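**Student:** Following this line is final-v5.cif, made up of mmCIF, C-alpha atoms:
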data_final
#
loop_
_atom_site.label_atom_id
_atom_site.label_comp_id
_atom_site.auth_asym_id
_atom_site.auth_seq_id
_atom_site.Cartn_x
_atom_site.Cartn_y
_atom_site.Cartn_z
CA MET A 10 54.62 -183.49 68.55
CA ASN A 11 50.92 -182.64 68.58
CA GLU A 12 51.23 -181.90 64.86
CA LEU A 13 52.70 -185.35 64.38
CA VAL A 14 49.75 -186.97 66.10
CA ALA A 15 47.16 -184.92 64.21
CA ARG A 16 48.73 -185.52 60.80
CA ALA A 17 49.30 -189.20 61.49
CA ARG A 18 45.59 -189.70 62.15
CA THR A 19 44.82 -188.43 58.65
CA HIS A 20 47.74 -190.21 57.00
CA ASN A 21 46.82 -193.82 57.63
CA HIS A 22 46.00 -195.01 54.10
CA ALA A 23 44.58 -198.28 55.33
CA GLY A 24 42.03 -196.61 57.58
CA SER A 25 43.33 -198.41 60.65
CA PRO A 26 43.32 -196.66 64.03
CA VAL A 27 46.48 -194.68 64.73
CA VAL A 28 47.95 -194.54 68.20
CA ALA A 29 49.58 -191.38 69.54
CA PRO A 30 53.37 -191.42 69.50
CA ALA A 31 55.57 -191.18 72.53
CA ALA A 32 55.67 -187.92 74.45
CA ASN A 33 58.81 -186.51 72.90
CA THR A 34 61.45 -187.01 70.26
CA GLY A 35 63.93 -188.29 72.82
CA SER A 36 61.70 -191.17 73.84
CA LEU A 37 61.11 -192.15 70.21
CA ARG A 38 64.81 -192.27 69.54
CA ALA A 39 65.44 -194.14 72.79
CA ILE A 40 63.00 -196.83 71.67
CA ALA A 41 64.71 -197.16 68.29
CA ALA A 42 68.16 -197.18 69.90
CA ARG A 43 67.33 -200.47 71.62
CA PHE A 44 67.41 -202.13 68.19
CA ARG A 45 70.60 -200.57 66.85
CA THR A 46 73.15 -203.23 67.68
CA PRO A 47 73.65 -205.71 64.82
CA THR A 48 73.69 -209.40 65.62
CA ILE A 49 76.70 -210.78 63.79
CA SER A 50 75.25 -214.28 63.43
CA ARG A 51 72.09 -212.85 61.83
CA SER A 52 74.10 -210.57 59.55
CA LEU A 53 76.32 -213.43 58.38
CA TRP A 54 73.33 -215.70 57.87
CA GLN A 55 71.62 -213.00 55.81
CA VAL A 56 74.69 -212.86 53.57
CA ILE A 57 74.57 -216.64 53.18
CA ASP A 58 70.83 -217.00 52.64
CA THR A 59 70.95 -214.24 50.01
CA PHE A 60 74.15 -214.85 48.05
CA VAL A 61 73.98 -218.65 47.93
CA PRO A 62 70.46 -218.77 46.39
CA PHE A 63 71.45 -215.95 44.03
CA LEU A 64 74.51 -217.83 42.78
CA LEU A 65 72.45 -221.03 42.41
CA LEU A 66 69.77 -219.20 40.45
CA TRP A 67 72.38 -217.51 38.28
CA THR A 68 73.86 -220.92 37.49
CA ALA A 69 70.41 -222.34 36.75
CA MET A 70 69.71 -219.43 34.41
CA TYR A 71 72.92 -220.10 32.50
CA TRP A 72 71.98 -223.76 32.19
CA SER A 73 68.42 -222.88 31.10
CA VAL A 74 69.61 -220.74 28.17
CA GLY A 75 70.23 -223.94 26.24
CA VAL A 76 66.85 -225.39 27.24
CA SER A 77 64.31 -222.55 27.01
CA TYR A 78 64.87 -218.82 27.24
CA TRP A 79 61.37 -218.45 28.67
CA LEU A 80 62.61 -220.53 31.59
CA THR A 81 65.64 -218.23 31.84
CA LEU A 82 63.38 -215.17 32.02
CA ALA A 83 61.18 -216.84 34.62
CA LEU A 84 64.22 -217.57 36.79
CA SER A 85 65.39 -213.97 36.40
CA VAL A 86 62.49 -212.74 38.54
CA PRO A 87 63.52 -214.41 41.84
CA ALA A 88 67.17 -213.74 40.95
CA ALA A 89 66.36 -210.05 40.59
CA GLY A 90 64.51 -210.18 43.90
CA LEU A 91 67.70 -211.47 45.51
CA VAL A 92 69.66 -208.59 43.95
CA VAL A 93 67.20 -206.21 45.60
CA ARG A 94 67.89 -207.99 48.90
CA ILE A 95 71.64 -207.71 48.27
CA PHE A 96 71.17 -203.99 47.70
CA ILE A 97 69.48 -203.72 51.11
CA ILE A 98 72.51 -205.38 52.68
CA GLN A 99 74.76 -202.91 50.85
CA HIS A 100 72.46 -200.11 52.00
CA ASP A 101 72.82 -201.18 55.64
CA CYS A 102 76.58 -201.40 55.23
CA GLY A 103 76.54 -197.84 53.94
CA HIS A 104 74.85 -196.75 57.15
CA GLY A 105 77.28 -198.81 59.23
CA SER A 106 74.40 -200.81 60.68
CA PHE A 107 74.98 -204.28 59.20
CA MET A 108 78.27 -205.23 60.88
CA LYS A 109 79.80 -203.97 64.12
CA LYS A 110 83.14 -202.94 62.61
CA ARG A 111 83.56 -200.25 59.97
CA TRP A 112 86.00 -202.38 57.96
CA ALA A 113 83.51 -205.26 57.93
CA ASN A 114 80.72 -203.00 56.63
CA THR A 115 83.06 -201.74 53.93
CA MET A 116 84.13 -205.25 52.91
CA VAL A 117 80.55 -206.57 52.68
CA GLY A 118 79.38 -203.39 50.97
CA TRP A 119 82.04 -203.73 48.27
CA MET A 120 81.13 -207.38 47.79
CA CYS A 121 77.48 -206.44 47.32
CA SER A 122 78.41 -203.79 44.76
CA LEU A 123 79.55 -206.52 42.36
CA ALA A 124 75.97 -207.82 42.22
CA THR A 125 74.15 -204.46 42.39
CA LEU A 126 76.54 -202.60 40.01
CA THR A 127 76.41 -199.72 42.50
CA PRO A 128 79.73 -198.12 43.61
CA PHE A 129 79.64 -198.49 47.37
CA GLU A 130 81.62 -195.47 48.60
CA SER A 131 80.09 -192.95 46.21
CA TRP A 132 76.52 -194.14 46.74
CA LYS A 133 77.01 -194.20 50.52
CA ARG A 134 77.96 -190.52 50.69
CA GLN A 135 75.23 -189.40 48.29
CA HIS A 136 72.65 -191.38 50.24
CA ALA A 137 73.75 -189.68 53.45
CA LEU A 138 72.72 -186.36 51.87
CA HIS A 139 69.28 -187.81 51.22
CA HIS A 140 68.91 -188.69 54.90
CA ALA A 141 70.03 -185.23 55.97
CA ASN A 142 67.51 -183.35 53.82
CA TRP A 143 64.52 -185.48 52.85
CA ASN A 144 61.14 -183.70 52.86
CA ASN A 145 62.79 -180.30 53.43
CA LEU A 146 61.48 -177.92 50.77
CA ASP A 147 64.41 -175.54 51.22
CA ARG A 148 67.13 -178.19 50.81
CA ARG A 149 65.97 -180.16 47.82
CA GLU A 150 69.09 -179.55 45.74
CA SER A 151 71.30 -181.42 48.21
CA GLY A 152 71.40 -185.05 47.16
CA ARG A 153 68.66 -184.37 44.60
CA ASP A 154 67.02 -187.17 42.69
CA ILE A 155 63.80 -187.50 40.73
CA TYR A 156 62.38 -190.19 43.01
CA SER A 157 62.31 -188.71 46.48
CA VAL A 158 62.23 -185.01 45.54
CA CYS A 159 59.36 -183.05 44.04
CA ILE A 160 58.55 -179.50 42.98
CA THR A 161 55.63 -177.47 44.27
CA THR A 162 52.53 -176.52 42.31
CA ASP A 163 53.67 -172.88 42.33
CA GLU A 164 57.07 -173.87 40.94
CA TYR A 165 55.36 -175.92 38.25
CA ARG A 166 53.18 -172.95 37.24
CA ALA A 167 56.29 -170.77 36.97
CA LEU A 168 57.85 -173.09 34.37
CA SER A 169 57.58 -172.42 30.67
CA ILE A 170 55.46 -174.73 28.57
CA TRP A 171 58.62 -176.58 27.53
CA GLY A 172 59.75 -176.74 31.15
CA ARG A 173 56.44 -178.31 32.16
CA LEU A 174 56.64 -180.76 29.28
CA ARG A 175 60.19 -181.80 30.24
CA HIS A 176 59.24 -182.23 33.88
CA ARG A 177 56.19 -184.31 33.02
CA LEU A 178 58.26 -186.51 30.73
CA GLU A 179 60.85 -187.00 33.50
CA GLN A 180 58.12 -188.07 35.91
CA HIS A 181 56.14 -190.26 33.51
CA PRO A 182 56.19 -193.81 34.92
CA LEU A 183 57.40 -195.33 31.63
CA VAL A 184 60.39 -193.00 31.76
CA ALA A 185 61.11 -192.65 35.50
CA LEU A 186 60.23 -196.18 36.60
CA VAL A 187 60.93 -198.33 33.53
CA LEU A 188 63.45 -196.76 31.14
CA VAL A 189 65.70 -194.77 33.47
CA PRO A 190 66.50 -197.28 36.28
CA PRO A 191 68.48 -199.78 34.14
CA LEU A 192 70.39 -196.90 32.54
CA VAL A 193 71.29 -195.53 35.97
CA PHE A 194 72.71 -198.81 37.24
CA VAL A 195 74.40 -199.91 34.00
CA LEU A 196 75.72 -196.59 32.64
CA LEU A 197 75.36 -193.67 35.03
CA PHE A 198 76.95 -195.46 37.99
CA ARG A 199 80.02 -196.15 35.86
CA VAL A 200 81.11 -192.52 36.16
CA PRO A 201 81.22 -190.18 39.21
CA PHE A 202 78.46 -188.06 37.71
CA ASP A 203 77.15 -186.69 41.02
CA SER A 204 80.37 -186.56 43.03
CA PRO A 205 82.12 -183.19 43.47
CA ARG A 206 85.81 -183.15 42.60
CA THR A 207 86.60 -182.75 46.29
CA TRP A 208 85.21 -186.24 46.90
CA ARG A 209 88.48 -187.85 45.75
CA ARG A 210 88.02 -191.09 47.67
CA GLU A 211 84.49 -191.63 46.38
CA ARG A 212 85.41 -190.77 42.78
CA ARG A 213 88.39 -193.13 42.90
CA ALA A 214 86.13 -195.87 44.27
CA VAL A 215 83.84 -195.58 41.23
CA TRP A 216 86.73 -196.48 38.92
CA LEU A 217 87.90 -199.26 41.24
CA THR A 218 84.37 -200.69 41.20
CA ASN A 219 84.44 -200.61 37.41
CA LEU A 220 87.74 -202.47 37.36
CA ALA A 221 86.33 -205.12 39.68
CA LEU A 222 83.24 -205.49 37.49
CA VAL A 223 85.39 -205.81 34.37
CA ALA A 224 87.40 -208.54 36.07
CA VAL A 225 84.32 -210.46 37.25
CA PHE A 226 82.19 -210.17 34.12
CA GLY A 227 85.20 -210.42 31.80
CA THR A 228 86.14 -213.73 33.39
CA LEU A 229 82.54 -214.96 33.10
CA ALA A 230 82.36 -213.88 29.47
CA LEU A 231 85.61 -215.63 28.55
CA THR A 232 84.51 -218.75 30.41
CA LEU A 233 80.84 -218.93 29.48
CA GLY A 234 80.58 -216.68 26.42
CA TRP A 235 79.43 -213.08 25.96
CA ARG A 236 76.06 -214.06 24.51
CA GLU A 237 75.20 -216.34 27.41
CA LEU A 238 76.40 -213.76 29.94
CA LEU A 239 74.19 -211.03 28.46
CA LEU A 240 71.17 -213.33 28.15
CA VAL A 241 71.46 -214.09 31.87
CA GLN A 242 72.62 -210.79 33.35
CA VAL A 243 70.52 -208.27 31.40
CA PRO A 244 67.06 -209.45 32.58
CA ILE A 245 68.30 -209.66 36.18
CA THR A 246 69.63 -206.11 36.08
CA VAL A 247 66.57 -204.69 34.34
CA VAL A 248 64.05 -206.26 36.72
CA ALA A 249 66.07 -205.55 39.88
CA SER A 250 66.69 -201.90 38.97
CA ILE A 251 63.03 -201.25 38.14
CA VAL A 252 61.76 -202.91 41.33
CA GLY A 253 64.39 -201.23 43.51
CA VAL A 254 63.76 -197.74 42.16
CA TRP A 255 59.99 -198.22 42.40
CA LEU A 256 60.34 -199.19 46.06
CA PHE A 257 62.50 -196.15 46.81
CA SER A 258 60.06 -193.88 45.03
CA LEU A 259 56.92 -194.89 46.85
CA GLN A 260 58.67 -194.79 50.21
CA HIS A 261 58.84 -191.03 49.74
CA ARG A 262 56.42 -190.01 46.98
CA PHE A 263 52.78 -190.58 47.89
CA GLU A 264 49.71 -188.42 48.36
CA ARG A 265 49.79 -187.86 52.12
CA THR A 266 53.49 -187.44 52.61
CA TYR A 267 55.01 -184.54 54.53
CA TRP A 268 56.96 -181.61 53.12
CA VAL A 269 57.78 -178.43 55.08
CA ARG A 270 60.09 -175.44 54.93
CA ALA A 271 63.42 -175.54 56.76
CA ASP A 272 62.21 -173.52 59.76
CA LYS A 273 59.55 -176.16 60.52
CA TRP A 274 61.51 -179.26 59.52
CA ASN A 275 62.64 -181.81 62.08
CA SER A 276 63.87 -185.31 61.49
CA THR A 277 61.31 -187.05 63.70
CA ASP A 278 58.23 -185.66 61.95
CA ALA A 279 59.92 -186.17 58.58
CA SER A 280 60.62 -189.80 59.50
CA LEU A 281 57.18 -190.76 60.79
CA LEU A 282 55.14 -188.68 58.34
CA GLY A 283 57.38 -188.23 55.31
CA SER A 284 58.33 -191.90 54.90
CA SER A 285 55.78 -194.61 54.27
CA PHE A 286 55.18 -197.98 55.88
CA LEU A 287 54.81 -200.23 52.85
CA ARG A 288 52.86 -203.27 53.94
CA MET A 289 53.83 -206.34 51.91
CA PRO A 290 53.25 -210.10 51.97
CA ARG A 291 55.85 -211.91 54.06
CA VAL A 292 57.74 -213.31 51.06
CA LEU A 293 58.10 -209.85 49.48
CA GLN A 294 59.15 -208.42 52.82
CA TRP A 295 61.93 -211.00 52.90
CA PHE A 296 63.13 -210.18 49.39
CA THR A 297 63.11 -206.44 50.14
CA GLY A 298 64.90 -206.74 53.48
CA SER A 299 61.97 -205.25 55.44
CA ILE A 300 62.64 -201.87 53.82
CA GLY A 301 58.87 -201.31 53.87
CA PHE A 302 59.35 -200.20 57.48
CA HIS A 303 60.99 -197.17 55.98
CA HIS A 304 59.86 -194.69 58.60
CA ILE A 305 61.74 -196.70 61.24
CA HIS A 306 64.84 -196.68 59.06
CA HIS A 307 64.67 -192.89 58.70
CA LEU A 308 64.08 -192.45 62.42
CA ASP A 309 67.28 -194.36 63.16
CA THR A 310 69.57 -195.46 60.33
CA GLY A 311 71.55 -197.58 62.79
CA VAL A 312 68.80 -200.22 63.04
CA PRO A 313 69.72 -203.24 60.83
CA ASN A 314 67.10 -204.27 58.29
CA TYR A 315 66.36 -207.53 60.15
CA ARG A 316 65.40 -205.59 63.32
CA LEU A 317 63.11 -202.99 61.72
CA GLU A 318 59.94 -205.05 62.17
CA ALA A 319 60.72 -205.76 65.83
CA CYS A 320 61.26 -202.04 66.41
CA TYR A 321 57.95 -201.30 64.67
CA LYS A 322 56.09 -203.75 66.91
CA SER A 323 57.83 -202.70 70.12
CA ASP A 324 55.82 -199.56 70.84
CA PRO A 325 52.57 -197.96 69.56
CA SER A 326 54.44 -194.71 68.86
CA MET A 327 56.27 -196.47 66.03
CA ARG A 328 52.99 -197.09 64.16
CA THR A 329 52.06 -193.54 63.16
CA ALA A 330 53.54 -193.58 59.66
CA PRO A 331 51.37 -193.45 56.52
CA ILE A 332 50.43 -197.02 55.59
CA MET A 333 50.52 -198.11 51.98
CA GLY A 334 49.63 -201.43 50.43
CA LEU A 335 50.92 -202.74 47.11
CA LEU A 336 47.77 -201.59 45.31
CA GLY A 337 48.26 -198.08 46.63
CA GLY A 338 51.89 -198.30 45.60
CA PHE A 339 50.90 -198.90 41.98
CA ARG A 340 48.86 -195.67 42.08
CA ALA A 341 51.40 -193.55 43.93
CA TRP A 342 53.26 -192.46 40.77
CA ARG A 343 50.38 -190.07 39.98
CA TYR A 344 51.34 -187.74 42.83
CA ALA A 345 54.00 -185.53 41.31
CA LEU A 346 53.59 -182.03 42.77
CA TRP A 347 53.53 -180.75 46.34
CA ASP A 348 50.61 -178.41 47.05
CA GLU A 349 51.82 -176.25 49.95
CA ALA A 350 48.38 -174.76 50.58
CA ALA A 351 46.61 -178.14 50.69
CA GLY A 352 49.46 -179.91 52.49
CA HIS A 353 49.61 -182.98 50.27
CA MET A 354 50.84 -184.23 46.89
CA VAL A 355 48.68 -183.77 43.81
CA PRO A 356 48.81 -185.11 40.24
CA PHE A 357 49.85 -182.97 37.32
CA PRO A 358 47.03 -180.80 35.94
CA ARG A 359 45.12 -182.43 33.11
CA TRP A 360 46.46 -180.02 30.50
CA LEU A 361 50.02 -178.95 29.86
CA ARG A 362 49.02 -175.28 30.00
CA PRO A 363 47.30 -174.47 33.35
CA ALA A 364 44.06 -172.54 33.28
CA ALA A 365 44.22 -168.74 33.16
CA ALA A 366 43.62 -168.56 36.90
CA GLY A 367 46.73 -170.63 37.39
CA ALA A 368 44.95 -173.57 39.02
CA ALA A 369 46.89 -176.77 39.01
#
Translate this structure into structure tokens?
**Tutor:**
Amino acid sequence: MNELVARARTHNHAGSPVVAPAANTGSLRAIAARFRTPTISRSLWQVIDTFVPFLLLWTAMYWSVGVSYWLTLALSVPAAGLVVRIFIIQHDCGHGSFMKKRWANTMVGWMCSLATLTPFESWKRQHALHHANWNNLDRRESGRDIYSVCITTDEYRALSIWGRLRHRLEQHPLVALVLVPPLVFVLLFRVPFDSPRTWRRERRAVWLTNLALVAVFGTLALTLGWRELLLVQVPITVVASIVGVWLFSLQHRFERTYWVRADKWNSTDASLLGSSFLRMPRVLQWFTGSIGFHHIHHLDTGVPNYRLEACYKSDPSMRTAPIMGLLGGFRAWRYALWDEAAGHMVPFPRWLRPAAAGAA
């Protein structure tokens, strides 16, 4: 735990004083455990205050198509924000933290998937792999993605020129944060691309989700027209997917994050040092379901999103995570490689071919 304290003091991006965490891992988890139990009235109200405005905005967007498409695009921004909030509800259901009963989490999670286009059962199991292995350099291939996983500077140097070029293209913000997210949610999630054949239930659920989406959007298209449906739905999906993926990325990929080998990895240090606290204005915190308190979520996935802030404020030991503001978030994409010797993320070298000495 001394390492946690020392690293936390150097990780606070805002320069604010950092308070030492509790004496041991058990006490940290005991603090978080006090906030695990979902409050059904709050969960149900969150469903109402998210879905009702979303449906009203969707209806207003359809009406606005005949008035001004610029108005439609303007309305798509808050509508997309509500889709991000719906995804957070689905995310909590996947962790079993939103409702008290498993069947209720499953029911709400499936309902959310019709708005997020994300197959609930398949995503839930893949996301569990992320929580089991994040920031572990020796287990990066389990639940791998290009947003929370990185390669080391040594691994980058070992790539061929074409390998380096491909990796840099994958990580370029126009590719990773703009072009790829809509394709993932619209196309890639339509097939069980990352589900082993042994995951029969999850693979079957992908096709069932597709059938449900065909039924919902087919009915809307027959009722309202395909053109109108696309003019309304496409901007919502594009904006929501880009914002959602960007949030996920900078909760794990930033300069002073924390990566270690398996023999040194433990979930507490990885939670409080390897996940950021993204400080946002209150309105953005509402739209993102307080997911900025991401270190608390990783410390205990059983804490519902609407109790993360209270957990954060409950004890000084919960305030040792790296702090990032929105401005820092816009710069975080630069940090693409983990430098094991320096102990922090670094940008790609200026040139595709590293210098003869191999410096990155």
**Student:** Name the closest residue to Pro182 (chain A) among the candidates A:Ser131, A:Ser258, A:Thr232, A:Ser169; distances are taken between atoms, counting all atoms listed in the file.
**Tutor:** A:Ser258
**Student:** Just the number, please: distance in Å from CA of Leu53 (chain A) to CA of Asn314 (chain A), one decimal.
**Tutor:**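 Computing the Euclidean distance for CA of Leu53 (chain A) and CA of Asn314 (chain A) yields 13.0 Å.
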**Student:** Please determine, counting all atoms listed in the file, which residue among A:Ser285, A:Thr246, A:Thr207, A:Asn142 has the shortest atom-to-atom distance to Gly90 (chain A).
**Tutor:** A:Thr246
**Student:** Looking at A:Leu174, A:Leu188, A:Ala330, A:Ala224, which one is nearest to Arg288 (chain A), with distances taken over all atoms listed in the file?
**Tutor:**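 Distance minimum relative to Arg288 (chain A) lands on A:Ala330.
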**Student:** Sorted by chain and rising residue number, list the residues of region 59-177 of chain A at most 12 Å from region 234-239 of chain A (counting only C-alpha atoms), each with its closest atom pair and distance in Å to one decimal, as a tab-separated table.
**Tutor:**
residue	atom	partner	partner_atom	distance
A:Trp67	CA	A:Leu238	CA	10.0
A:Thr68	CA	A:Leu238	CA	10.7
A:Met70	CA	A:Glu237	CA	9.4
A:Tyr71	CA	A:Glu237	CA	6.7
A:Trp72	CA	A:Glu237	CA	9.4
A:Ser73	CA	A:Glu237	CA	10.1
A:Val74	CA	A:Glu237	CA	7.2
A:Gly75	CA	A:Glu237	CA	9.2
A:Tyr78	CA	A:Glu237	CA	10.6
A:Thr81	CA	A:Glu237	CA	10.7
**Student:** Could you please determine the separation between CA of Thr46 (chain A) and CA of His136 (chain A) in Å, to one decimal place?
**Tutor:**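 One can read the CA of Thr46 (chain A) to CA of His136 (chain A) distance as 21.1 Å.
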**Student:** Spell out the residues picked by the PyMOL selection byres ((chain A and resi 277) around 10) here, as a PyMOL selection string.
**Tutor:** chain A and resi 10+13+33-35+37-38+274-276+278-283+304-305+307-309
**Student:** Generate the output file for the selected residues, C-alpha atoms, as a PDB file, in the coordinates of the input.
**Tutor:**
ATOM      1  CA  MET A  10      54.620-183.490  68.550  1.00  0.00           C
ATOM      2  CA  LEU A  13      52.700-185.350  64.380  1.00  0.00           C
ATOM      3  CA  ASN A  33      58.810-186.510  72.900  1.00  0.00           C
ATOM      4  CA  THR A  34      61.450-187.010  70.260  1.00  0.00           C
ATOM      5  CA  GLY A  35      63.930-188.290  72.820  1.00  0.00           C
ATOM      6  CA  LEU A  37      61.110-192.150  70.210  1.00  0.00           C
ATOM      7  CA  ARG A  38      64.810-192.270  69.540  1.00  0.00           C
ATOM      8  CA  TRP A 274      61.510-179.260  59.520  1.00  0.00           C
ATOM      9  CA  ASN A 275      62.640-181.810  62.080  1.00  0.00           C
ATOM     10  CA  SER A 276      63.870-185.310  61.490  1.00  0.00           C
ATOM     11  CA  ASP A 278      58.230-185.660  61.950  1.00  0.00           C
ATOM     12  CA  ALA A 279      59.920-186.170  58.580  1.00  0.00           C
ATOM     13  CA  SER A 280      60.620-189.800  59.500  1.00  0.00           C
ATOM     14  CA  LEU A 281      57.180-190.760  60.790  1.00  0.00           C
ATOM     15  CA  LEU A 282      55.140-188.680  58.340  1.00  0.00           C
ATOM     16  CA  GLY A 283      57.380-188.230  55.310  1.00  0.00           C
ATOM     17  CA  HIS A 304      59.860-194.690  58.600  1.00  0.00           C
ATOM     18  CA  ILE A 305      61.740-196.700  61.240  1.00  0.00           C
ATOM     19  CA  HIS A 307      64.670-192.890  58.700  1.00  0.00           C
ATOM     20  CA  LEU A 308      64.080-192.450  62.420  1.00  0.00           C
ATOM     21  CA  ASP A 309      67.280-194.360  63.160  1.00  0.00           C
TER      22      ASP A 309
END
**Student:** As an exercise, work out the distance from CA of Leu168 (chain A) to CA of Pro191 (chain A) in Å and give it to one decimal place.
**Tutor:** 28.7 Å
**Student:** Choose the residue, out of A:Met327, A:Leu80, A:Leu346, A:Ala271, that has the smallest atom-to-atom separation from Ala141 (chain A); count all atoms listed in the file.
**Tutor:**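 Counting all atoms listed in the file, the residue closest to Ala141 (chain A) is A:Ala271.
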**Student:** Tell me which protein, DNA and RNA residues are within 12 Å of His181 (chain A), counting all atoms listed in the file, leaving out same-chain ones fewer than 3 positions away, and put them as a ChimeraX atom specification.
**Tutor:** /A:155-156,174-178,184-189,341-345,356-357
**Student:** Extract, using all atoms listed in the file, all DNA, RNA and protein residues at most 8 Å from Cys102 (chain A), discarding same-chain residues fewer than 2 positions from it, and format them as a list of chain:residue names.
**Tutor:**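 The contact residues come out as A:Ile98, A:Gln99, A:His100, A:His104, A:Gly105, A:Ser106, A:Phe107, A:Met108, A:Asn114, A:Thr115, A:Val117, A:Gly118.
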**Student:** So that I have them on file, write out the residues from the current selection with C-alpha atoms, as a compact mmCIF listing (two decimals), in the frame of the given file.
**Tutor:**
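That gives us part-v7.txt:
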# COMPACT_ATOMS: atom_id res chain seq x y z
CA ILE A 98 72.51 -205.38 52.68
CA GLN A 99 74.76 -202.91 50.85
CA HIS A 100 72.46 -200.11 52.00
CA HIS A 104 74.85 -196.75 57.15
CA GLY A 105 77.28 -198.81 59.23
CA SER A 106 74.40 -200.81 60.68
CA PHE A 107 74.98 -204.28 59.20
CA MET A 108 78.27 -205.23 60.88
CA ASN A 114 80.72 -203.00 56.63
CA THR A 115 83.06 -201.74 53.93
CA VAL A 117 80.55 -206.57 52.68
CA GLY A 118 79.38 -203.39 50.97
